[in-house]
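model-v6.txt follows (compact mmCIF, C-alpha atoms and all ligand atoms):
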```
# COMPACT_ATOMS: atom_id res chain seq x y z
CA MET A 1 0.00 0.00 0.00
CA ILE A 2 1.28 3.48 -0.83
CA GLU A 3 0.54 5.78 2.06
CA ALA A 4 0.88 8.91 -0.11
CA LEU A 5 -1.80 7.68 -2.56
CA HIS A 6 -4.18 6.78 0.26
CA ASN A 7 -3.61 10.23 1.78
CA LEU A 8 -4.29 11.90 -1.56
CA ILE A 9 -7.59 10.02 -1.91
CA ARG A 10 -8.61 10.85 1.66
CA GLU A 11 -7.81 14.52 1.11
CA HIS A 12 -10.25 14.42 -1.83
CA LYS A 13 -13.18 13.04 0.19
CA ASN A 14 -12.33 9.46 -0.73
CA PHE A 15 -12.49 9.88 -4.52
CA ILE A 16 -9.92 10.89 -7.11
CA THR A 17 -10.60 10.86 -10.84
CA ILE A 18 -8.82 8.46 -13.21
CA GLU A 19 -6.81 11.46 -14.43
CA GLN A 20 -5.65 12.31 -10.88
CA PHE A 21 -4.89 8.64 -10.27
CA MET A 22 -2.74 8.33 -13.43
CA ASP A 23 -0.98 11.58 -12.57
CA PHE A 24 0.03 10.12 -9.24
CA ALA A 25 0.89 6.65 -10.54
CA LEU A 26 3.13 7.94 -13.32
CA TYR A 27 4.46 11.33 -12.21
CA ASP A 28 4.49 11.62 -8.42
CA GLN A 29 8.00 12.88 -7.55
CA THR A 30 8.68 9.96 -5.19
CA HIS A 31 6.41 7.13 -6.35
CA GLY A 32 5.70 7.96 -10.03
CA TYR A 33 6.52 5.03 -12.30
CA TYR A 34 8.48 7.18 -14.77
CA MET A 35 10.17 9.23 -12.04
CA LYS A 36 11.83 6.68 -9.81
CA SER A 37 13.57 4.20 -12.12
CA ASN A 38 14.22 3.46 -15.78
CA PRO A 39 11.08 1.65 -16.98
CA ILE A 40 12.19 0.76 -20.51
CA GLY A 41 14.13 -2.16 -21.98
CA LYS A 42 14.70 -5.81 -21.20
CA GLY A 43 15.59 -5.04 -17.58
CA GLY A 44 12.71 -2.53 -17.22
CA GLY A 45 8.96 -3.09 -17.20
CA PHE A 46 8.24 -2.88 -20.94
CA ILE A 47 10.01 -2.86 -24.29
CA THR A 48 9.32 -0.44 -27.12
CA ALA A 49 9.85 -0.62 -30.90
CA PRO A 50 13.19 1.28 -31.01
CA GLU A 51 14.51 -1.04 -28.28
CA ILE A 52 13.45 -4.10 -30.29
CA SER A 53 15.53 -3.18 -33.32
CA GLN A 54 17.46 -0.40 -35.05
CA LEU A 55 15.25 -1.19 -38.08
CA PHE A 56 12.50 0.90 -36.49
CA GLY A 57 14.54 4.10 -36.08
CA GLU A 58 16.29 3.67 -39.41
CA THR A 59 12.98 3.39 -41.26
CA ILE A 60 11.69 6.50 -39.49
CA ALA A 61 14.92 8.23 -40.53
CA ILE A 62 14.06 7.48 -44.18
CA TRP A 63 10.65 9.10 -43.68
CA LEU A 64 12.42 12.07 -42.09
CA ILE A 65 14.85 12.49 -45.00
CA LEU A 66 11.87 12.58 -47.37
CA GLN A 67 10.27 15.32 -45.24
CA TRP A 68 13.55 17.25 -45.35
CA GLU A 69 13.54 17.01 -49.15
CA LYS A 70 9.95 18.28 -49.23
CA LEU A 71 11.12 21.29 -47.19
CA GLY A 72 13.65 22.10 -49.94
CA ASN A 73 16.79 20.42 -48.46
CA PRO A 74 17.64 23.02 -45.77
CA ASN A 75 21.18 22.75 -44.26
CA SER A 76 19.76 22.18 -40.83
CA LEU A 77 16.50 21.07 -39.27
CA ASN A 78 14.89 21.00 -35.83
CA ILE A 79 13.81 17.58 -34.65
CA VAL A 80 11.63 17.37 -31.54
CA GLU A 81 11.06 14.05 -29.84
CA LEU A 82 8.32 13.79 -27.25
CA GLY A 83 8.95 11.19 -24.53
CA PRO A 84 12.32 9.93 -25.84
CA GLY A 85 12.76 7.11 -23.26
CA LYS A 86 16.36 5.92 -23.35
CA GLY A 87 17.16 8.07 -26.41
CA THR A 88 17.56 5.05 -28.70
CA LEU A 89 15.15 6.21 -31.41
CA ILE A 90 16.62 9.69 -31.72
CA SER A 91 20.14 8.33 -31.73
CA ASP A 92 19.28 5.90 -34.59
CA ILE A 93 17.68 8.82 -36.43
CA ILE A 94 20.73 11.08 -36.04
CA ARG A 95 23.07 8.27 -37.12
CA VAL A 96 21.22 7.94 -40.45
CA THR A 97 20.25 11.57 -41.14
CA HIS A 98 23.50 13.36 -40.21
CA LYS A 99 24.94 12.50 -43.63
CA TYR A 100 22.19 14.64 -45.17
CA PHE A 101 21.67 17.55 -42.79
CA ARG A 102 22.60 18.91 -39.39
CA SER A 103 19.82 18.56 -36.83
CA PHE A 104 19.06 20.55 -33.72
CA ILE A 105 17.49 18.11 -31.33
CA TYR A 106 14.85 19.09 -28.76
CA LEU A 107 13.77 16.47 -26.25
CA TYR A 108 10.56 16.78 -24.25
CA GLU A 109 10.98 14.56 -21.20
CA ILE A 110 9.39 14.73 -17.74
CA SER A 111 11.70 12.31 -15.93
CA PRO A 112 15.04 13.72 -14.69
CA LEU A 113 16.38 10.16 -14.56
CA LEU A 114 15.51 9.46 -18.21
CA GLN A 115 16.96 12.86 -19.17
CA GLN A 116 20.28 11.67 -17.74
CA ILE A 117 20.06 8.38 -19.65
CA GLN A 118 19.22 10.26 -22.87
CA SER A 119 22.18 12.54 -22.34
CA LYS A 120 24.45 9.49 -22.00
CA THR A 121 23.02 7.78 -25.10
CA LEU A 122 23.54 10.97 -27.09
CA SER A 123 26.95 11.88 -25.63
CA ASN A 124 28.51 12.05 -29.13
CA TYR A 125 26.13 14.81 -30.17
CA THR A 126 25.79 16.92 -27.01
CA SER A 127 26.34 20.31 -28.67
CA ASN A 128 23.01 20.16 -30.53
CA ILE A 129 20.80 18.59 -27.88
CA HIS A 130 18.38 20.61 -25.77
CA TRP A 131 15.65 19.63 -23.32
CA LEU A 132 12.32 21.44 -23.51
CA ASN A 133 9.59 21.94 -20.90
CA ASN A 134 7.16 23.45 -23.33
CA ILE A 135 6.67 23.43 -27.09
CA ASP A 136 6.29 27.22 -26.89
CA GLN A 137 10.05 27.45 -26.14
CA LEU A 138 10.95 26.17 -29.62
CA PRO A 139 12.68 28.57 -32.01
CA ALA A 140 10.42 29.42 -34.95
CA GLN A 141 11.95 27.23 -37.70
CA PRO A 142 10.83 24.25 -39.77
CA THR A 143 10.52 21.39 -37.31
CA ILE A 144 9.80 17.69 -37.40
CA PHE A 145 7.98 16.23 -34.40
CA ILE A 146 8.24 12.58 -33.43
CA ALA A 147 6.50 10.68 -30.63
CA ASN A 148 6.61 6.94 -30.08
CA GLU A 149 4.55 5.51 -27.21
CA PHE A 150 4.35 8.95 -25.60
CA LEU A 151 0.69 9.91 -25.75
CA ASP A 152 -0.50 6.62 -24.19
CA ALA A 153 1.15 7.75 -20.96
CA LEU A 154 -0.79 11.00 -20.67
CA PRO A 155 -3.55 10.76 -18.05
CA ILE A 156 -7.07 10.42 -19.44
CA LYS A 157 -10.54 11.12 -18.09
CA GLN A 158 -13.20 8.41 -18.14
CA PHE A 159 -16.96 8.94 -18.15
CA LEU A 160 -19.59 6.24 -17.67
CA TYR A 161 -23.16 6.32 -19.00
CA LYS A 162 -25.68 4.48 -16.85
CA GLN A 163 -29.41 4.75 -16.30
CA GLY A 164 -29.76 7.96 -18.24
CA ALA A 165 -26.91 9.90 -16.62
CA TRP A 166 -23.14 10.45 -16.94
CA TYR A 167 -20.66 9.69 -14.13
CA GLU A 168 -16.91 10.24 -13.91
CA ASN A 169 -14.80 7.17 -13.15
CA GLY A 170 -12.16 7.28 -10.46
CA VAL A 171 -10.53 5.52 -7.54
CA THR A 172 -11.65 5.25 -3.94
CA ILE A 173 -10.58 3.40 -0.78
CA LYS A 174 -12.84 0.63 0.53
CA ASN A 175 -11.79 -1.66 3.40
CA ASN A 176 -8.34 -0.09 3.20
CA THR A 177 -7.86 -1.16 -0.45
CA LEU A 178 -8.03 0.78 -3.69
CA ASN A 179 -11.19 0.28 -5.76
CA PHE A 180 -12.61 1.75 -8.95
CA ALA A 181 -15.71 3.88 -8.38
CA ASN A 182 -17.65 6.64 -10.08
CA ARG A 183 -19.46 9.80 -9.08
CA ALA A 184 -21.98 12.16 -10.65
CA THR A 185 -20.57 14.74 -13.07
CA ASP A 186 -21.74 17.98 -14.68
CA ARG A 187 -20.28 16.85 -18.01
CA SER A 188 -22.61 15.29 -20.52
CA PHE A 189 -22.10 13.78 -23.95
CA THR A 190 -24.24 12.29 -26.70
CA ILE A 191 -26.25 9.39 -25.29
CA LYS A 192 -24.51 6.04 -25.63
CA PRO A 193 -25.66 2.46 -24.91
CA GLU A 194 -26.03 1.59 -21.20
CA GLY A 195 -22.63 0.98 -19.56
CA SER A 196 -20.61 2.81 -22.24
CA ILE A 197 -17.30 4.30 -21.13
CA LEU A 198 -16.05 7.40 -22.89
CA GLU A 199 -12.35 8.19 -22.63
CA LEU A 200 -11.02 11.71 -23.15
CA ASN A 201 -7.34 12.47 -23.47
CA ASP A 202 -7.48 16.27 -23.25
CA ARG A 203 -3.71 16.50 -22.76
CA ALA A 204 -2.99 14.54 -25.94
CA SER A 205 -5.44 16.72 -27.87
CA LYS A 206 -3.86 19.89 -26.50
CA MET A 207 -0.35 18.68 -27.35
CA PHE A 208 -1.39 17.64 -30.85
CA ASN A 209 -3.08 20.99 -31.50
CA LYS A 210 0.06 22.83 -30.43
CA ILE A 211 2.19 20.74 -32.79
CA LYS A 212 -0.26 21.23 -35.63
CA GLU A 213 -0.27 25.00 -35.08
CA PHE A 214 3.54 25.09 -34.90
CA VAL A 215 3.94 23.13 -38.14
CA LYS A 216 1.33 25.33 -39.83
CA ASN A 217 3.20 28.51 -38.84
CA ASN A 218 6.80 27.34 -39.29
CA GLY A 219 6.76 24.40 -41.70
CA GLY A 220 7.67 20.83 -40.90
CA ALA A 221 5.91 17.56 -40.21
CA GLY A 222 4.88 15.22 -37.42
CA LEU A 223 4.85 11.48 -36.80
CA ILE A 224 2.91 10.04 -33.86
CA ILE A 225 3.12 6.29 -33.25
CA ASP A 226 1.22 4.50 -30.53
CA TYR A 227 -1.18 1.71 -29.70
CA GLY A 228 -4.72 2.86 -30.15
CA TYR A 229 -8.00 2.89 -32.03
CA THR A 230 -9.55 4.93 -34.82
CA GLU A 231 -13.15 4.25 -33.68
CA PRO A 232 -14.02 4.47 -29.96
CA THR A 233 -14.78 1.11 -28.36
CA TYR A 234 -16.77 2.61 -25.45
CA THR A 235 -14.95 0.34 -23.01
CA SER A 236 -12.08 1.09 -20.66
CA THR A 237 -8.69 0.81 -22.36
CA ILE A 238 -6.64 1.48 -19.24
CA GLN A 239 -3.95 -1.13 -18.74
CA ALA A 240 -1.08 -1.83 -16.37
CA ILE A 241 2.11 -3.54 -17.51
CA LYS A 242 4.62 -4.88 -15.01
CA ASN A 243 7.69 -6.91 -15.96
CA HIS A 244 6.43 -7.18 -19.56
CA LYS A 245 3.06 -8.66 -18.45
CA HIS A 246 -0.46 -7.23 -18.34
CA GLN A 247 -1.61 -6.94 -14.71
CA LYS A 248 -5.08 -8.33 -13.94
CA ASN A 249 -5.64 -5.79 -11.23
CA ILE A 250 -4.56 -2.33 -12.36
CA LEU A 251 -4.72 -0.98 -8.81
CA GLU A 252 -2.52 -3.66 -7.28
CA ASP A 253 1.01 -2.51 -8.04
CA VAL A 254 0.70 1.23 -8.45
CA SER A 255 4.12 2.84 -8.87
CA TYR A 256 5.64 -0.48 -10.03
CA SER A 257 3.55 -0.88 -13.20
CA ASP A 258 3.16 1.25 -16.32
CA ILE A 259 -0.42 2.50 -16.33
CA THR A 260 -1.50 3.78 -19.74
CA ALA A 261 -4.52 4.01 -22.04
CA HIS A 262 -4.97 3.33 -25.72
CA VAL A 263 -4.75 6.45 -27.86
CA ASP A 264 -7.82 7.75 -29.68
CA PHE A 265 -6.46 8.39 -33.19
CA SER A 266 -9.62 10.27 -34.21
CA ILE A 267 -8.22 13.33 -32.38
CA PHE A 268 -5.43 13.71 -34.96
CA THR A 269 -7.47 15.73 -37.41
CA GLY A 270 -5.81 16.45 -40.75
CA CYS A 271 -3.34 13.55 -40.37
CA LYS A 272 -2.95 10.49 -42.54
CA ILE A 273 -3.51 7.47 -40.29
CA SER A 274 -2.00 4.10 -41.13
CA SER A 275 -1.04 0.93 -39.32
CA GLN A 276 2.56 0.58 -38.12
CA CYS A 277 2.93 -2.32 -40.57
CA SER A 278 1.87 -0.29 -43.55
CA PHE A 279 3.93 2.79 -42.51
CA LEU A 280 7.15 0.82 -41.92
CA SER A 281 6.60 -1.24 -45.08
CA SER A 282 6.09 1.79 -47.28
CA TYR A 283 9.32 3.39 -45.99
CA GLY A 284 11.34 0.27 -46.70
CA ILE A 285 11.74 -1.72 -43.47
CA ARG A 286 11.85 -5.05 -45.36
CA GLU A 287 14.50 -3.78 -47.80
CA ARG A 288 16.56 -2.40 -44.88
CA ALA A 289 16.33 -5.78 -43.12
CA GLY A 290 17.43 -7.43 -46.37
CA LEU A 291 20.56 -5.24 -46.46
CA LEU A 292 21.41 -5.99 -42.83
CA LEU A 293 20.96 -9.71 -43.47
CA LYS A 294 23.64 -9.67 -46.17
CA SER A 295 26.40 -8.99 -43.65
CA ALA A 296 24.85 -10.74 -40.63
CA GLN A 297 26.13 -13.81 -38.77
CA PRO A 298 23.52 -16.65 -38.48
CA ASN A 299 22.51 -15.69 -34.90
CA GLU A 300 22.23 -12.02 -35.90
CA ALA A 301 20.18 -12.97 -38.96
CA GLN A 302 17.70 -14.79 -36.79
CA GLU A 303 17.39 -11.75 -34.52
CA ILE A 304 16.82 -9.41 -37.47
CA MET A 305 14.03 -11.63 -38.83
CA GLN A 306 12.40 -11.98 -35.40
CA SER A 307 12.46 -8.23 -34.78
CA LEU A 308 11.03 -7.47 -38.21
CA HIS A 309 8.25 -9.96 -37.56
CA ARG A 310 7.48 -8.45 -34.16
CA LEU A 311 7.33 -4.89 -35.52
CA ILE A 312 5.10 -5.53 -38.53
CA HIS A 313 3.09 -8.73 -38.02
CA PRO A 314 -0.64 -7.87 -37.74
CA GLU A 315 -1.07 -10.01 -34.62
CA LEU A 316 1.96 -8.46 -32.90
CA MET A 317 2.71 -4.73 -33.25
CA GLY A 318 1.73 -4.27 -36.91
CA GLU A 319 -1.97 -3.41 -36.56
CA LEU A 320 -2.50 -2.39 -32.93
CA PHE A 321 0.18 0.27 -33.33
CA LYS A 322 -0.84 3.09 -35.61
CA CYS A 323 0.87 6.10 -37.15
CA ALA A 324 -0.56 9.58 -37.53
CA ILE A 325 1.40 11.58 -40.09
CA LEU A 326 1.04 15.34 -40.08
N1 LIG A 401 9.66 6.88 -26.99
C1 LIG A 401 10.40 5.99 -26.14
C2 LIG A 401 9.84 5.89 -24.72
C3 LIG A 401 8.38 5.59 -24.54
S1 LIG A 401 7.91 5.53 -22.82
C4 LIG A 401 10.51 4.63 -26.79
O1 LIG A 401 9.82 4.40 -27.77
O2 LIG A 401 11.28 3.81 -26.30
C5 LIG A 401 7.22 7.13 -22.53
C6 LIG A 401 8.21 8.25 -22.48
O3 LIG A 401 7.50 9.47 -22.32
C7 LIG A 401 9.20 8.19 -21.32
O4 LIG A 401 10.41 8.77 -21.73
C8 LIG A 401 8.49 9.05 -20.27
O5 LIG A 401 9.29 9.48 -19.23
C9 LIG A 401 7.96 10.17 -21.15
N2 LIG A 401 6.81 10.89 -20.62
C10 LIG A 401 5.68 10.33 -20.14
N3 LIG A 401 4.81 11.30 -19.78
C11 LIG A 401 5.40 12.49 -20.05
C12 LIG A 401 4.98 13.84 -19.91
N4 LIG A 401 3.79 14.15 -19.39
N5 LIG A 401 5.83 14.81 -20.32
C13 LIG A 401 7.04 14.51 -20.86
N6 LIG A 401 7.48 13.24 -20.99
C14 LIG A 401 6.68 12.23 -20.60
```
Give the structure from this file in structure tokens form.
Ligand code: SAH
Amino acid sequence: MIEALHNLIREHKNFITIEQFMDFALYDQTHGYYMKSNPIGKGGGFITAPEISQLFGETIAIWLILQWEKLGNPNSLNIVELGPGKGTLISDIIRVTHKYFRSFIYLYEISPLLQQIQSKTLSNYTSNIHWLNNIDQLPAQPTIFIANEFLDALPIKQFLYKQGAWYENGVTIKNNTLNFANRATDRSFTIKPEGSILELNDRASKMFNKIKEFVKNNGGAGLIIDYGYTEPTYTSTIQAIKNHKHQKNILEDVSYSDITAHVDFSIFTGCKISSQCSFLSSYGIRERAGLLLKSAQPNEAQEIMQSLHRLIHPELMGELFKCAIL
């Protein structure tokens, strides 16, 4: 039991919203999952596409080079990565793109610990790396935005429709244990079937709108990759992953599990949406794997094929993960 979470709930008359709960679980200075230890990689709680294989970052780099060409081949370019984790993706991107143009890298990262890890990963390029607290701090120049598995971490709100009224979902304490609960709300939405759950990720929408505005005013592009849906399912998509496994009880290991929600891709208005499989395939992931295979040892070859499969197979990451291209 985390005393601080129980205290927070008690201070709020024994009910905090899902958004307040996720804020605590992920970002509390002492207990927040992203704040206290490195969550990513084989030794961490979950593994992401850039950590599976360099093929992922290298294929994104190809997309980026094409965007640079569309911008008229400028000598330098701003690249912003939101939620860069260990810095693997951006480092793969710089490795491929630096032959074409110089990039000024801006990293948007909440965790001081991950900032340190990113700085280590990128130690060869330190002169052009900056950390940002706010998109508004960016210099007004053509900029490419990238986010992989970032928006799923942003706290969402959940509303429940039952017996003709809307309620907000949240967390309460019952018999000294955490429980999901709901309470009446002033918010109302179009009527949905009984028991429908509506999820709103206001923070993701706000972030996306800022990026869209920035690209509109300064030129550039954006690539958002995450697990999510294009049509709402009207069920809860909150999940908790601990040691690479889905937790049955989301409330059991708060602060030790990654609590996230699927991303609603319908918020990315004006973007082209495709599956991760179709995005990576159209920018040449198979051809890149083919090249790597030519100089690979048998054990490396097997790893390349397995990673490719994991990234693009429809039953693995290929369909659940989607790309929004701005
Ligand atoms: N993109 C990386 C890491 C994904 S994990 C990869 O693909 O491996 C989510 C990342 O987003 C972590 O770096 C986490 O610390 C960061 N993050 C989560 N919420 C954030 C927030 N509100 N503001 C800034 N960074 C955040």
Problem - Atom pair atom CA of A:Glu199 / atom CA of A:Thr172: separation (Å) - result: 18.9 Å
Contacts of stretch 305-317 of chain A within 8 Å, only C-alpha atoms, excl. fewer than 5 positions in-chain, as a PDB file with C-alpha atoms, keeping the file's coordinate frame:
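Dumped to result_8.pdb:
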```
ATOM      1  CA  ALA A  49       9.850  -0.620 -30.900  1.00  0.00           C
ATOM      2  CA  ILE A  52      13.450  -4.100 -30.290  1.00  0.00           C
ATOM      3  CA  SER A  53      15.530  -3.180 -33.320  1.00  0.00           C
ATOM      4  CA  LEU A  55      15.250  -1.190 -38.080  1.00  0.00           C
ATOM      5  CA  PHE A  56      12.500   0.900 -36.490  1.00  0.00           C
ATOM      6  CA  GLN A 276       2.560   0.580 -38.120  1.00  0.00           C
ATOM      7  CA  CYS A 277       2.930  -2.320 -40.570  1.00  0.00           C
ATOM      8  CA  SER A 278       1.870  -0.290 -43.550  1.00  0.00           C
ATOM      9  CA  LEU A 280       7.150   0.820 -41.920  1.00  0.00           C
ATOM     10  CA  SER A 281       6.600  -1.240 -45.080  1.00  0.00           C
ATOM     11  CA  ILE A 285      11.740  -1.720 -43.470  1.00  0.00           C
ATOM     12  CA  ARG A 286      11.850  -5.050 -45.360  1.00  0.00           C
ATOM     13  CA  ALA A 289      16.330  -5.780 -43.120  1.00  0.00           C
TER      14      ALA A 289
END
```
Mind giving me the axis-aligned box for ligand LIG 401 (chain A) with 6 Å on every side, centre plus edges in Å to one decimal, as AutoDock Vina command-line options?
```
--center_x 7.5 --center_y 9.3 --center_z -23.5 --size_x 19.5 --size_y 23.0 --size_z 20.5
```
Practice task
One decimal, Å: what's the distance from atom CA of A:Ile259 over to atom CA of A:Lys245, could you say?
Solution key: 11.9 Å
Practice task
Name the residues, using the chain letters and numbers of the file, that sit within 12 Å of (-20.5, 15.6, -15.0) when counting only C-alpha atoms, and give them as a PyMOL selection string.
Solution key: chain A and resi 17+157-161+165-169+182-189
Handout entry: Nearest to ligand LIG 401 (chain A) by atom-to-atom distance, counting all atoms listed in the file, from A:Asn38, A:Ser236, A:Gln67, A:Ser266
Key =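 Result for the nearest residue to ligand LIG 401 (chain A): A:Asn38.
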Rows by chain and residue number, chain A within 8 Å of ligand LIG 401 (chain A), shortest pair, all atoms listed in the file, as a Markdown table:
```
| residue | atom | partner | partner_atom | distance |
| --- | --- | --- | --- | --- |
| A:Leu26 | CA | A:LIG401 | N3 | 7.5 |
| A:Tyr27 | CA | A:LIG401 | N3 | 7.6 |
| A:Tyr34 | CA | A:LIG401 | O5 | 5.1 |
| A:Met35 | CA | A:LIG401 | O5 | 7.2 |
| A:Pro39 | CA | A:LIG401 | S1 | 7.7 |
| A:Ile40 | CA | A:LIG401 | O2 | 6.6 |
| A:Gly41 | CA | A:LIG401 | O2 | 7.9 |
| A:Ile47 | CA | A:LIG401 | O2 | 7.1 |
| A:Thr48 | CA | A:LIG401 | O2 | 4.8 |
| A:Ala49 | CA | A:LIG401 | O1 | 5.9 |
| A:Pro50 | CA | A:LIG401 | O1 | 5.6 |
| A:Glu51 | CA | A:LIG401 | O2 | 6.2 |
| A:Glu81 | CA | A:LIG401 | N1 | 7.8 |
| A:Leu82 | CA | A:LIG401 | N6 | 6.3 |
| A:Gly83 | CA | A:LIG401 | O3 | 3.2 |
| A:Pro84 | CA | A:LIG401 | N1 | 4.2 |
| A:Gly85 | CA | A:LIG401 | O4 | 3.3 |
| A:Lys86 | CA | A:LIG401 | O2 | 6.2 |
| A:Gly87 | CA | A:LIG401 | C1 | 7.1 |
| A:Thr88 | CA | A:LIG401 | O2 | 6.8 |
| A:Leu89 | CA | A:LIG401 | O1 | 6.7 |
| A:Tyr108 | CA | A:LIG401 | C13 | 5.4 |
| A:Glu109 | CA | A:LIG401 | N6 | 3.7 |
| A:Ile110 | CA | A:LIG401 | C13 | 3.9 |
| A:Ser111 | CA | A:LIG401 | O5 | 5.0 |
| A:Leu114 | CA | A:LIG401 | O4 | 6.2 |
| A:Asn133 | CA | A:LIG401 | C13 | 7.9 |
| A:Ala147 | CA | A:LIG401 | N1 | 6.1 |
| A:Asn148 | CA | A:LIG401 | N1 | 4.3 |
| A:Glu149 | CA | A:LIG401 | C3 | 4.7 |
| A:Phe150 | CA | A:LIG401 | O3 | 4.6 |
| A:Leu151 | CA | A:LIG401 | N3 | 7.4 |
| A:Asp152 | CA | A:LIG401 | C5 | 7.9 |
| A:Ala153 | CA | A:LIG401 | N3 | 5.2 |
| A:Leu154 | CA | A:LIG401 | N3 | 5.7 |
```
Handout entry: Nearest-residue call for A:Gly219, choices A:Ala324, A:Leu71, A:Ala61, A:Met207, using all atoms listed in the file
Key =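 For A:Gly219, the nearest of the candidates is A:Leu71.
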Fill in the blank from the handout: Separating atom CA of A:Val263 from atom CA of A:Tyr229, to the nearest tenth of an Å, is a gap of 6.4 Å
Problem - Residues near A:Leu326, cut-off 7 Å, only C-alpha atoms, skip fewer than 2 positions along chain, as an MDAnalysis selection string - result: chainID A and resid 221:223 270:272 324
Exercise for the section: Measuring atom to atom with only C-alpha atoms, identify which of A:Ile60, A:Ala296, A:Ala140, A:Ile250 is nearest to A:Ile18. Expected result: A:Ile250
Handout entry: Using all atoms listed in the file: which of A:Ile9, A:Ile146, A:Ala4, A:Ile225 has the shortest distance to A:Thr30
Key =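 Under the stated criterion, the closest residue is A:Ala4.
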Practice task
For A:Tyr256, work out the shell of residues within 8 Å, counting all atoms listed in the file and skipping chain neighbours fewer than 2 positions away, then give it as a VMD selection string.
Solution key: chain A and resid 33 242 253 to 254 258
Practice task
Have a look at A:Gly164, A:Gly284, A:Gly44, A:Pro142 and name the one nearest to A:Asn73; count all atoms listed in the file.
Solution key: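 Closest residue, counting all atoms listed in the file: A:Pro142.
Residues in contact range of A:Tyr100, defined as at most 12 Å between only C-alpha atoms, with sequence neighbours fewer than 4 positions away removed, read A:Ala61, A:Ile62, A:Leu64, A:Ile65, A:Leu66, A:Gln67, A:Trp68, A:Glu69, A:Asn73, A:Pro74, A:Asn75, A:Ser76, A:Leu77, A:Ile93, A:Ile94, A:Arg95, A:Val96.
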Practice task
May I have the residues within 9 Å of A:Ser274 as a list in words, using all atoms listed in the file and disregarding those fewer than 4 positions away in the same chain?
Solution key: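 The filter keeps Ser278, Phe279, Glu319, Phe321, Lys322, Cys323, Ala324 and Ile325 of chain A.
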Exercise for the section: Between A:Ile144, A:Ile156, A:Leu5, A:Ile135, single out the one closest to A:Lys70, counting only C-alpha atoms. Expected result: A:Ile144
Problem - Expected residue set, 10 Å radius at (3.8, 10.3, -2.6), all atoms listed in the file, as number ranges by chain - result: A: 2-8, 24-25, 27-32, 255
